[in-house]
Each structure stands twice: as structure tokens, then as C-alpha cells.
file model15.txt (compact mmCIF, C-alpha atoms and all ligand atoms)
# COMPACT_ATOMS: atom_id res chain seq x y z
CA MET R 249 -9.62 -22.69 -11.39
CA ASN R 250 -7.23 -24.34 -8.93
CA LEU R 251 -9.08 -25.49 -5.83
CA GLN R 252 -6.06 -26.49 -3.79
CA GLY R 253 -5.22 -24.33 -0.79
CA LEU R 254 -8.22 -22.02 -0.96
CA PRO R 255 -8.48 -19.15 1.52
CA GLN R 256 -10.58 -20.13 4.54
CA VAL R 257 -13.46 -17.89 3.59
CA SER R 258 -14.76 -17.30 0.05
CA VAL R 259 -16.42 -13.94 -0.38
CA PRO R 260 -18.06 -12.51 -3.51
CA LEU R 261 -16.34 -9.67 -5.36
CA PRO R 262 -17.53 -6.09 -4.58
CA TRP R 263 -19.48 -5.73 -7.85
CA GLN R 264 -21.35 -8.98 -7.15
CA ALA R 265 -22.99 -7.60 -4.00
CA GLN R 266 -26.43 -7.26 -5.56
CA ALA R 267 -26.44 -10.74 -7.12
CA TRP R 268 -25.14 -12.16 -3.84
CA ALA R 269 -27.84 -10.44 -1.76
CA HIS R 270 -30.50 -11.84 -4.10
CA LEU R 271 -29.11 -15.39 -3.82
CA GLN R 272 -28.99 -15.12 -0.03
CA GLU R 273 -32.55 -13.95 0.09
CA GLN R 274 -33.60 -16.96 -1.97
CA ILE R 275 -31.66 -19.27 0.35
CA SER R 276 -33.21 -17.76 3.48
CA ARG R 277 -36.68 -18.26 1.97
CA GLN R 278 -35.70 -21.76 0.91
CA GLN R 279 -36.44 -20.78 -2.66
CA LEU R 280 -33.00 -21.16 -4.22
CA PRO R 281 -33.50 -23.02 -7.53
CA HIS R 282 -31.75 -26.36 -7.86
CA ALA R 283 -30.03 -25.27 -11.05
CA LEU R 284 -28.38 -21.88 -11.49
CA LEU R 285 -26.57 -20.53 -14.54
CA PHE R 286 -23.98 -17.80 -13.90
CA ALA R 287 -23.38 -16.08 -17.23
CA GLY R 288 -21.16 -13.18 -18.23
CA PRO R 289 -17.99 -12.21 -20.06
CA ALA R 290 -14.56 -13.58 -19.14
CA GLY R 291 -12.78 -12.01 -16.20
CA VAL R 292 -15.73 -10.76 -14.14
CA GLY R 293 -15.38 -13.42 -11.42
CA LYS R 294 -18.17 -15.89 -12.24
CA GLU R 295 -16.21 -18.85 -10.82
CA ARG R 296 -15.36 -16.94 -7.65
CA LEU R 297 -19.04 -16.27 -7.09
CA ALA R 298 -19.86 -19.93 -7.77
CA LEU R 299 -17.23 -21.00 -5.25
CA ALA R 300 -18.46 -18.52 -2.61
CA LEU R 301 -22.01 -19.80 -3.06
CA ALA R 302 -20.99 -23.46 -3.01
CA ARG R 303 -19.03 -23.05 0.21
CA TYR R 304 -21.78 -20.95 1.76
CA LEU R 305 -24.33 -23.68 0.99
CA LEU R 306 -22.07 -26.38 2.45
CA CYS R 307 -21.05 -24.48 5.61
CA TYR R 308 -22.67 -25.58 8.91
CA GLN R 309 -22.72 -22.10 10.44
CA PRO R 310 -22.30 -19.25 7.92
CA VAL R 311 -21.09 -15.98 9.47
CA ALA R 312 -21.96 -12.48 8.23
CA GLY R 313 -23.23 -13.71 4.86
CA HIS R 314 -20.40 -16.07 3.93
CA ASN R 315 -18.93 -19.42 4.90
CA CYS R 316 -17.38 -19.52 8.40
CA GLY R 317 -14.02 -21.00 7.36
CA GLU R 318 -13.81 -23.09 10.54
CA CYS R 319 -16.45 -25.80 10.57
CA ARG R 320 -15.77 -29.31 9.29
CA ALA R 321 -17.48 -28.61 5.96
CA CYS R 322 -15.35 -25.49 5.43
CA ARG R 323 -12.13 -27.31 6.29
CA TYR R 324 -12.92 -30.00 3.75
CA SER R 325 -14.06 -27.58 1.06
CA GLN R 326 -10.83 -25.61 1.64
CA SER R 327 -8.79 -28.43 0.17
CA GLY R 328 -11.24 -28.91 -2.69
CA SER R 329 -12.00 -32.45 -1.50
CA HIS R 330 -15.32 -32.06 0.29
CA GLY R 331 -17.41 -35.22 0.10
CA ASP R 332 -20.55 -33.25 -0.79
CA PHE R 333 -18.93 -31.02 -3.35
CA ARG R 334 -17.99 -31.58 -7.00
CA TRP R 335 -16.18 -29.03 -9.15
CA LEU R 336 -16.26 -30.12 -12.81
CA GLN R 337 -13.91 -28.52 -15.32
CA PRO R 338 -11.89 -29.79 -18.30
CA GLU R 339 -9.18 -32.08 -16.89
CA GLY R 340 -5.55 -32.36 -17.92
CA SER R 341 -4.98 -31.45 -21.56
CA SER R 342 -8.67 -31.91 -22.43
CA LYS R 343 -10.54 -28.79 -23.52
CA VAL R 344 -13.98 -30.23 -22.86
CA ILE R 345 -15.89 -31.59 -19.89
CA ARG R 346 -16.21 -35.28 -20.64
CA ILE R 347 -19.31 -37.44 -20.28
CA GLU R 348 -17.59 -39.62 -17.63
CA GLN R 349 -17.17 -36.56 -15.38
CA VAL R 350 -20.85 -35.63 -15.75
CA ARG R 351 -22.01 -39.23 -15.21
CA GLU R 352 -19.99 -39.44 -12.01
CA ALA R 353 -21.48 -36.11 -10.82
CA VAL R 354 -25.04 -37.22 -11.60
CA ALA R 355 -24.49 -40.46 -9.69
CA PHE R 356 -23.11 -38.39 -6.82
CA VAL R 357 -26.24 -36.22 -6.81
CA TYR R 358 -28.41 -39.28 -6.25
CA ARG R 359 -26.44 -40.44 -3.26
CA THR R 360 -27.40 -38.99 0.12
CA ALA R 361 -25.30 -36.15 1.49
CA GLY R 362 -22.35 -37.41 3.52
CA PHE R 363 -21.38 -34.50 5.75
CA GLY R 364 -24.18 -32.00 5.90
CA ALA R 365 -27.59 -31.24 4.53
CA ARG R 366 -26.64 -30.25 1.01
CA LYS R 367 -24.68 -31.27 -2.02
CA VAL R 368 -23.24 -28.85 -4.58
CA VAL R 369 -21.98 -29.41 -8.12
CA VAL R 370 -20.23 -26.62 -10.02
CA LEU R 371 -19.68 -27.11 -13.74
CA THR R 372 -17.37 -24.69 -15.57
CA PRO R 373 -17.23 -23.61 -18.35
CA ALA R 374 -20.62 -25.12 -19.09
CA GLU R 375 -20.42 -24.37 -22.83
CA ARG R 376 -17.51 -26.79 -23.07
CA MET R 377 -19.60 -29.89 -22.45
CA SER R 378 -19.68 -32.45 -25.19
CA ASN R 379 -23.22 -33.17 -26.49
CA SER R 380 -23.28 -36.52 -24.75
CA ALA R 381 -22.15 -34.85 -21.50
CA ALA R 382 -24.99 -32.33 -21.81
CA ASN R 383 -27.48 -35.16 -22.29
CA ALA R 384 -26.16 -36.92 -19.21
CA LEU R 385 -26.49 -33.66 -17.28
CA LEU R 386 -30.11 -33.23 -18.38
CA LYS R 387 -30.94 -36.43 -16.55
CA GLY R 388 -29.57 -34.83 -13.39
CA LEU R 389 -31.54 -31.65 -14.00
CA GLU R 390 -34.83 -33.40 -14.60
CA GLU R 391 -35.10 -35.09 -11.24
CA PRO R 392 -32.98 -33.00 -8.87
CA SER R 393 -32.80 -34.46 -5.40
CA GLU R 394 -34.10 -32.14 -2.72
CA ASP R 395 -30.77 -31.18 -1.17
CA THR R 396 -28.74 -30.68 -4.35
CA HIS R 397 -27.62 -27.50 -6.05
CA LEU R 398 -26.09 -27.34 -9.51
CA ILE R 399 -24.22 -24.19 -10.50
CA LEU R 400 -23.31 -23.83 -14.18
CA VAL R 401 -20.82 -21.15 -15.19
CA ALA R 402 -20.82 -19.95 -18.80
CA GLN R 403 -19.22 -17.27 -20.91
CA ARG R 404 -21.15 -17.86 -24.12
CA LEU R 405 -24.79 -18.84 -23.69
CA GLN R 406 -25.16 -19.55 -27.42
CA GLY R 407 -22.72 -22.43 -27.07
CA MET R 408 -25.03 -24.22 -24.64
CA PRO R 409 -27.95 -26.53 -25.43
CA ALA R 410 -31.28 -24.71 -25.00
CA THR R 411 -32.60 -27.74 -23.11
CA VAL R 412 -29.99 -27.18 -20.41
CA ARG R 413 -30.39 -23.39 -20.31
CA SER R 414 -34.13 -23.54 -19.96
CA ARG R 415 -33.85 -25.65 -16.80
CA CYS R 416 -31.64 -23.14 -14.99
CA GLN R 417 -32.27 -19.80 -13.33
CA LEU R 418 -30.08 -17.32 -15.19
CA VAL R 419 -27.88 -15.03 -13.08
CA LYS R 420 -26.36 -12.38 -15.36
CA LEU R 421 -22.95 -11.10 -14.33
CA PRO R 422 -22.04 -8.26 -16.72
CA LEU R 423 -18.80 -6.29 -16.90
CA PRO R 424 -18.79 -4.02 -13.81
CA PRO R 425 -18.25 -0.24 -14.08
CA GLY R 426 -14.67 0.91 -13.46
CA ASP R 427 -15.44 2.77 -10.23
CA GLN R 428 -16.45 -0.54 -8.63
CA CYS R 429 -13.24 -2.24 -9.78
CA ILE R 430 -10.57 0.37 -8.95
CA PRO R 431 -10.81 0.22 -5.10
CA TRP R 432 -10.67 -3.59 -5.25
CA LEU R 433 -7.77 -3.61 -7.73
CA GLN R 434 -5.99 -1.00 -5.63
CA GLN R 435 -5.79 -3.54 -2.80
CA VAL R 436 -3.89 -5.81 -5.20
CA THR R 437 -1.56 -3.23 -6.76
CA GLY R 438 -1.10 -0.98 -3.75
CA ASP R 439 -1.89 2.31 -5.47
CA GLU R 440 -4.68 3.89 -7.46
CA ALA R 441 -2.61 5.03 -10.44
CA SER R 442 -1.36 1.55 -11.36
CA ALA R 443 -4.81 0.06 -10.67
CA THR R 444 -6.34 2.56 -13.11
CA GLU R 445 -3.70 1.91 -15.79
CA LEU R 446 -4.00 -1.89 -15.52
CA LEU R 447 -7.77 -1.76 -15.71
CA GLU R 448 -7.57 0.36 -18.85
CA LEU R 449 -4.99 -1.95 -20.45
CA ALA R 450 -7.24 -4.88 -19.60
CA GLY R 451 -10.16 -3.24 -21.41
CA GLY R 452 -12.04 -2.73 -18.12
CA VAL R 453 -12.00 -6.46 -17.25
CA PRO R 454 -11.12 -6.63 -13.52
CA LEU R 455 -9.76 -10.18 -13.22
CA GLN R 456 -7.72 -9.71 -16.38
CA ALA R 457 -6.23 -6.59 -14.77
CA GLU R 458 -5.39 -8.65 -11.68
CA GLN R 459 -3.81 -11.30 -13.93
CA LEU R 460 -1.73 -8.64 -15.68
CA TYR R 461 -0.43 -7.51 -12.30
CA ASN R 462 0.46 -11.07 -11.33
CA ASP R 463 2.13 -11.60 -14.73
CA GLY R 464 4.53 -8.75 -14.12
CA GLY R 465 2.51 -5.57 -14.39
CA ALA R 466 1.60 -3.32 -17.28
CA GLU R 467 4.95 -3.41 -19.08
CA PRO R 468 4.55 -6.54 -21.33
CA LEU R 469 1.09 -5.49 -22.48
CA ARG R 470 2.21 -1.92 -23.07
CA GLU R 471 4.93 -3.29 -25.38
CA GLN R 472 2.45 -5.54 -27.17
CA ARG R 473 0.11 -2.59 -27.74
CA LYS R 474 2.96 -0.59 -29.20
CA LEU R 475 3.82 -3.47 -31.53
CA LEU R 476 0.20 -3.75 -32.77
CA GLY R 477 0.04 0.04 -33.07
CA ASP R 478 3.19 -0.02 -35.23
CA LEU R 479 1.70 -2.78 -37.41
CA ALA R 480 -1.50 -0.75 -37.78
CA ARG R 481 0.57 2.22 -38.96
CA GLY R 482 2.52 0.06 -41.39
CA LYS R 483 5.79 0.70 -39.55
CA VAL R 484 6.59 -2.98 -38.96
CA ASN R 485 5.75 -6.12 -40.95
CA VAL R 486 3.62 -9.17 -40.18
CA PRO R 487 6.44 -11.78 -39.82
CA LEU R 488 8.16 -9.65 -37.16
CA VAL R 489 4.94 -9.19 -35.17
CA ALA R 490 3.98 -12.86 -35.60
CA ALA R 491 7.37 -13.95 -34.29
CA ARG R 492 7.06 -11.78 -31.21
CA LEU R 493 3.41 -12.56 -30.41
CA GLY R 494 3.74 -16.23 -31.39
CA GLN R 495 5.67 -16.91 -28.20
CA GLN R 496 2.54 -16.86 -26.08
CA ASP R 497 -0.65 -18.92 -26.07
CA LEU R 498 -2.73 -18.44 -29.27
CA ALA R 499 -6.06 -18.06 -27.45
CA GLN R 500 -4.55 -15.38 -25.20
CA THR R 501 -2.99 -13.57 -28.19
CA LEU R 502 -6.33 -13.56 -30.03
CA ARG R 503 -8.01 -12.05 -26.96
CA ASP R 504 -5.33 -9.35 -26.79
CA ILE R 505 -5.65 -8.49 -30.51
CA ALA R 506 -9.46 -8.45 -30.26
CA LEU R 507 -9.19 -6.11 -27.25
CA PHE R 508 -6.89 -3.81 -29.22
CA LEU R 509 -9.40 -3.71 -32.12
CA HIS R 510 -12.36 -3.09 -29.80
CA VAL R 511 -10.63 -0.15 -28.14
CA TYR R 512 -9.63 1.28 -31.53
CA LEU R 513 -13.05 0.82 -33.17
CA CYS R 514 -14.81 2.38 -30.17
CA ARG R 515 -12.78 5.55 -30.80
CA GLN R 516 -13.72 5.77 -34.50
CA GLU R 517 -16.17 8.36 -35.70
CA GLN R 518 -19.00 7.50 -38.06
CA ALA R 519 -17.00 8.37 -41.21
CA GLY R 520 -14.19 6.07 -40.11
CA LEU R 521 -16.53 3.17 -39.36
CA ARG R 522 -17.38 2.61 -43.05
CA ARG R 523 -13.74 2.08 -43.86
CA ALA R 524 -13.38 -0.06 -40.74
CA ARG R 525 -15.52 -2.80 -42.29
CA PRO R 526 -12.56 -5.18 -42.88
CA LEU R 527 -11.61 -4.79 -39.22
CA PHE R 528 -15.12 -5.69 -38.09
CA GLN R 529 -15.02 -8.70 -40.42
CA LEU R 530 -11.70 -9.66 -38.88
CA LEU R 531 -13.23 -9.45 -35.40
CA ASP R 532 -16.03 -11.81 -36.53
CA ARG R 533 -13.49 -14.22 -37.95
CA MET R 534 -11.43 -14.09 -34.78
CA GLN R 535 -14.49 -14.75 -32.67
CA ALA R 536 -15.30 -17.85 -34.72
CA LEU R 537 -11.70 -18.97 -34.29
CA GLN R 538 -11.85 -18.38 -30.51
CA VAL R 539 -15.05 -20.39 -30.25
CA ALA R 540 -13.49 -23.23 -32.26
CA ILE R 541 -10.40 -23.24 -30.03
CA ALA R 542 -12.54 -23.21 -26.88
CA ALA R 543 -14.46 -26.20 -28.29
CA GLY R 544 -11.27 -28.19 -28.68
CA SER R 545 -10.09 -27.32 -32.21
CA ASN R 546 -6.33 -27.13 -32.43
CA PRO R 547 -5.17 -24.97 -35.39
CA ASN R 548 -1.49 -24.44 -36.20
CA PRO R 549 -0.79 -21.45 -33.90
CA GLN R 550 1.78 -19.73 -36.13
CA LEU R 551 -0.32 -20.01 -39.32
CA ALA R 552 -3.50 -18.91 -37.55
CA LEU R 553 -1.75 -15.93 -35.96
CA GLU R 554 -0.09 -14.86 -39.23
CA SER R 555 -3.40 -15.07 -41.08
CA VAL R 556 -5.04 -12.84 -38.45
CA LEU R 557 -2.15 -10.36 -38.51
CA ILE R 558 -2.20 -10.14 -42.34
CA SER R 559 -5.91 -9.20 -42.23
CA PHE R 560 -5.13 -6.82 -39.36
CA ALA R 561 -2.41 -5.05 -41.38
CA ASP R 562 -4.60 -4.99 -44.54
CA GLY R 563 -7.57 -3.64 -42.55
CA PHE R 564 -5.55 -0.79 -41.14
CA GLY R 565 -4.05 -0.21 -44.59
CA VAL R 566 -7.61 0.44 -45.85
CA MET R 567 -8.14 2.84 -42.94
CA ARG R 568 -4.96 4.75 -43.79
CA SER R 569 -5.82 5.00 -47.47
CA GLY R 570 -8.98 6.96 -46.57
CA ALA R 571 -9.41 10.69 -47.18
CA ASN R 572 -8.40 11.87 -43.74
CA MET R 573 -5.47 9.56 -43.50
CA ARG R 574 -3.51 11.65 -41.05
CA SER R 575 -6.23 12.03 -38.44
CA SER R 576 -7.17 8.36 -38.50
CA SER R 577 -3.62 7.11 -38.14
CA GLN R 578 -3.24 9.49 -35.19
CA GLU R 579 -6.18 7.81 -33.55
CA ILE R 580 -4.59 4.39 -33.70
CA ALA R 581 -4.11 3.28 -30.15
CA SER R 582 -0.52 3.27 -29.05
ZN ZN R 601 -18.28 -23.34 7.82
call {"tool": "encode", "arguments": {"input": "model15.txt", "output": "C-alpha cells", "more": "lines below"}}
Ligand SMILES: [Zn+2]
result
Amino acid sequence: MNLQGLPQVSVPLPWQAQAWAHLQEQISRQQLPHALLFAGPAGVGKERLALALARYLLCYQPVAGHNCGECRACRYSQSGSHGDFRWLQPEGSSKVIRIEQVREAVAFVYRTAGFGARKVVVLTPAERMSNSAANALLKGLEEPSEDTHLILVAQRLQGMPATVRSRCQLVKLPLPPGDQCIPWLQQVTGDEASATELLELAGGVPLQAEQLYNDGGAEPLREQRKLLGDLARGKVNVPLVAARLGQQDLAQTLRDIALFLHVYLCRQEQAGLRRARPLFQLLDRMQALQVAIAAGSNPNPQLALESVLISFADGFGVMRSGANMRSSSQEIAS
């Protein structure tokens, strides 16, 4: 997340209202835990909530349940350079949060607050800490100084050391229902019809829908879906699809293919699910690959993509060879 030039006031997203109210209640009772863990799938706005909370905690005079945007603390935190605020994420080309970053943050925690009463450290994504970084962080979690709040943001809890998890209060941020996303997305797109289409193309993930809009709308994804649909029906071959999809980032392409498979498999009836076994196995394999990439592994993008697409085409070939071939190929998402 880019912290330069933030809007003056950071507010939680509409579907985070309940979690936000709970956090505020804990703050007003002075019972907010020193370590929080915001966990949920990608694209639900975990980092935005972490930022809103961080700025709220730092603000001298919060207004109407969020940071005021005008006090000295807010002006500093607007440029991402507040003296009492650290935002840790992988830097430069690194895919992990390094031990040096965590050591610096822990040292910062033990210094007294410079501007106001509190200090805040946000660490995202927390599952991308190296083991040594996690150990350094544990030191900070064991003896938290009174005025310090640590907010960890994670997409996959299983990737995090249990020793870190157990020291944090878990705040679950699941995928919100569509009716909570559409009015918000409508403010971005300008009309309800395109908001609804983008949310569907994004598999119901609101920030991904917003990203699609910023990337040029529904058109590129609609084309990609058609291409995968054609591959599933055996109408085009793997090299052609690999050449077209290979132009974008591998991690993003894997997410798009996984989303396509999820939507398709959700539509399958029981009889179809037995034949869908290779597709489920492919999803497992892709998930392992995504985890490896997130942890810093760097496979050859073209070979990895082609291998996935070959299994994809084979899997759908098995589906088509089933007894009710016509009906199942009609169900293939277009
Ligand atoms: Zn303020």
C-alpha cells in the first residue's frame, strides 16, 4: 500500500462498520489489546482498516469516530512519515519483510512517543515475515510498552507462526455480502449496473472490483474469461492462451484462473463434481504455487503458466468426456 499523499481522513469501509464499532468501544474503555491481527481474504480492505485505526489512535482530537485530518499528528500521518508511526511491508523488489525492518520497529516501540501519547506499528502482510523476523517481533510482543499498538494484517493465518498468532487478538474480516459492496462500488463507477458487473467479474471481492475499474473496466477481464472458456471447451490451444495470459504478472494470472475455476465448480451439480476431481487437484496445486510465490519463490512464469493451463485443458477435457457432455460444456462460464 502506498502511503504517500493519503486523504486527510481515513475511514473504514462500509462492511467494516461492526468491527470498527467494536474496536472503538475497546479504545473508549482503554481495553484495546496491544497486538491485533486483522485476517481475511485478499481484497476486503484489511489494510485500509489498519490505516484508519492507526490514524485514529494517533490523532489528537478524533471527530465523529475517525481521525480529524487537521491536527499535527494527522498532517504527519498524511504523508506517511509520522514520527510515532511505522508501516512495515516488503520493500523494493523483496517479497518478504526483513529482520532489519522488524528490529528497527521493535527498537522504535521501546522509545518514548515523540508527538502524542501513542505509537502504532502496522505490519503487512504478516505471513511474509522471515522466521528470524518473526522471532524479532516476538520480543516486541512479549513486553509491549504501555502506549504501543501493533496491528498485523494477514491473508493466510496458516503461514504465520503460532507463537505470534497466539499473542494477538484476532479480528476476522470475511468477504462481505454483495449488497454491502454495490452502493460503495457505485460511488466509484458512477452507476449500479457496472458496479454489479464488476463485482461479479471480481468474484464478489470489492477491492478487486475497484481495481478492475481503475485498470480500465470490465473489458480486459471479460476477454480473459472468454479465452479461458474457449480453452475449457477445447476451442483454442494452450500455447495460444499462454501467450496471451503470459503478458501479465504470474501471481495475478493464477488468481484470475483460480477465480474462473471457483465460479465454474460452484455451478456444478453433484454428478459433475466427481468428474471435476482433476480441476480440484489443479486448484490445490495452484494454491501451493501461489503460497510459494508469496513466500519469495520465483518460478519461470511462462513454464509455470503453461503447466497450469495444460492441466486446466486436460481437466475440462475429462469433464467433456462425461456422459452428459453437452450440458456440462454449456455450463462452462463464458
Ligand atoms: Zn487529528
call {"tool": "residues_near_ligand", "arguments": {"input": "model15.txt", "ligand": "ligand ZN 601 (chain R)", "cutoff": "10 Å", "atoms": "only C-alpha atoms and all ligand atoms", "output": "VMD selection string"}}
result
chain R and resid 256 to 257 303 to 311 314 to 326
call {"tool": "closest_residue", "arguments": {"input": "model15.txt", "among": "R:Pro424, R:Thr372, R:Ser380, R:Pro454", "to": "Ala265 (chain R)", "atoms": "all atoms listed in the file"}}
result
R:Pro424
call {"tool": "residues_around", "arguments": {"input": "model15.txt", "residues": "Leu449 (chain R)", "least_positions_apart": "3", "cutoff": "8 Å", "atoms": "all atoms listed in the file", "output": "number ranges by chain"}}
result
R: 445-446, 452, 457, 466, 469-470
call {"tool": "atom_distance", "arguments": {"input": "model15.txt", "atom1": "CA of Val401 (chain R)", "atom2": "CA of Asp504 (chain R)"}}
result
22.7 Å
call {"tool": "residues_around", "arguments": {"input": "model15.txt", "residues": "region 519-536 of chain R", "least_positions_apart": "5", "cutoff": "9 Å", "atoms": "only C-alpha atoms", "output": "list in words"}}
result
Leu502, Arg503, Ala506, Leu509, His510, Leu513, Ile541, Val556, Ser559, Phe560, Asp562, Gly563, Phe564, Val566, Met567, Gly570, Asn572 and Ser576 of chain R
call {"tool": "closest_residue", "arguments": {"input": "model15.txt", "among": "R:Pro409, R:Pro262, R:Leu251, R:Asn548", "to": "Asp427 (chain R)", "atoms": "all atoms listed in the file"}}
result
R:Pro262
call {"tool": "closest_residue", "arguments": {"input": "model15.txt", "among": "R:Ala402, R:Ala353, R:Ala269, R:Ala490", "to": "Pro549 (chain R)", "atoms": "all atoms listed in the file"}}
result
R:Ala490
call {"tool": "atom_distance", "arguments": {"input": "model15.txt", "atom1": "CA of Leu418 (chain R)", "atom2": "CA of Glu348 (chain R)"}}
result
25.7 Å
call {"tool": "residues_around", "arguments": {"input": "model15.txt", "residues": "Arg481 (chain R)", "least_positions_apart": "2", "cutoff": "9 Å", "atoms": "only C-alpha atoms", "output": "VMD selection string"}}
result
chain R and resid 476 to 479 483 to 484 561 564 to 565 568 577 580
call {"tool": "write_last_selection", "arguments": {"input": "model15.txt", "atoms": "C-alpha atoms", "output": "PDB file, in the frame of the given file"}}
result
ATOM      1  CA  LEU R 476       0.200  -3.750 -32.770  1.00  0.00           C
ATOM      2  CA  GLY R 477       0.040   0.040 -33.070  1.00  0.00           C
ATOM      3  CA  ASP R 478       3.190  -0.020 -35.230  1.00  0.00           C
ATOM      4  CA  LEU R 479       1.700  -2.780 -37.410  1.00  0.00           C
ATOM      5  CA  LYS R 483       5.790   0.700 -39.550  1.00  0.00           C
ATOM      6  CA  VAL R 484       6.590  -2.980 -38.960  1.00  0.00           C
ATOM      7  CA  ALA R 561      -2.410  -5.050 -41.380  1.00  0.00           C
ATOM      8  CA  PHE R 564      -5.550  -0.790 -41.140  1.00  0.00           C
ATOM      9  CA  GLY R 565      -4.050  -0.210 -44.590  1.00  0.00           C
ATOM     10  CA  ARG R 568      -4.960   4.750 -43.790  1.00  0.00           C
ATOM     11  CA  SER R 577      -3.620   7.110 -38.140  1.00  0.00           C
ATOM     12  CA  ILE R 580      -4.590   4.390 -33.700  1.00  0.00           C
TER      13      ILE R 580
END
call {"tool": "closest_residue", "arguments": {"input": "model15.txt", "among": "R:Val357, R:Leu371, R:Gln434, R:Gly494", "to": "Gly388 (chain R)", "atoms": "all atoms listed in the file"}}
result
R:Val357
call {"tool": "atom_distance", "arguments": {"input": "model15.txt", "atom1": "CA of Gly438 (chain R)", "atom2": "CA of Pro425 (chain R)"}}
result
20.0 Å
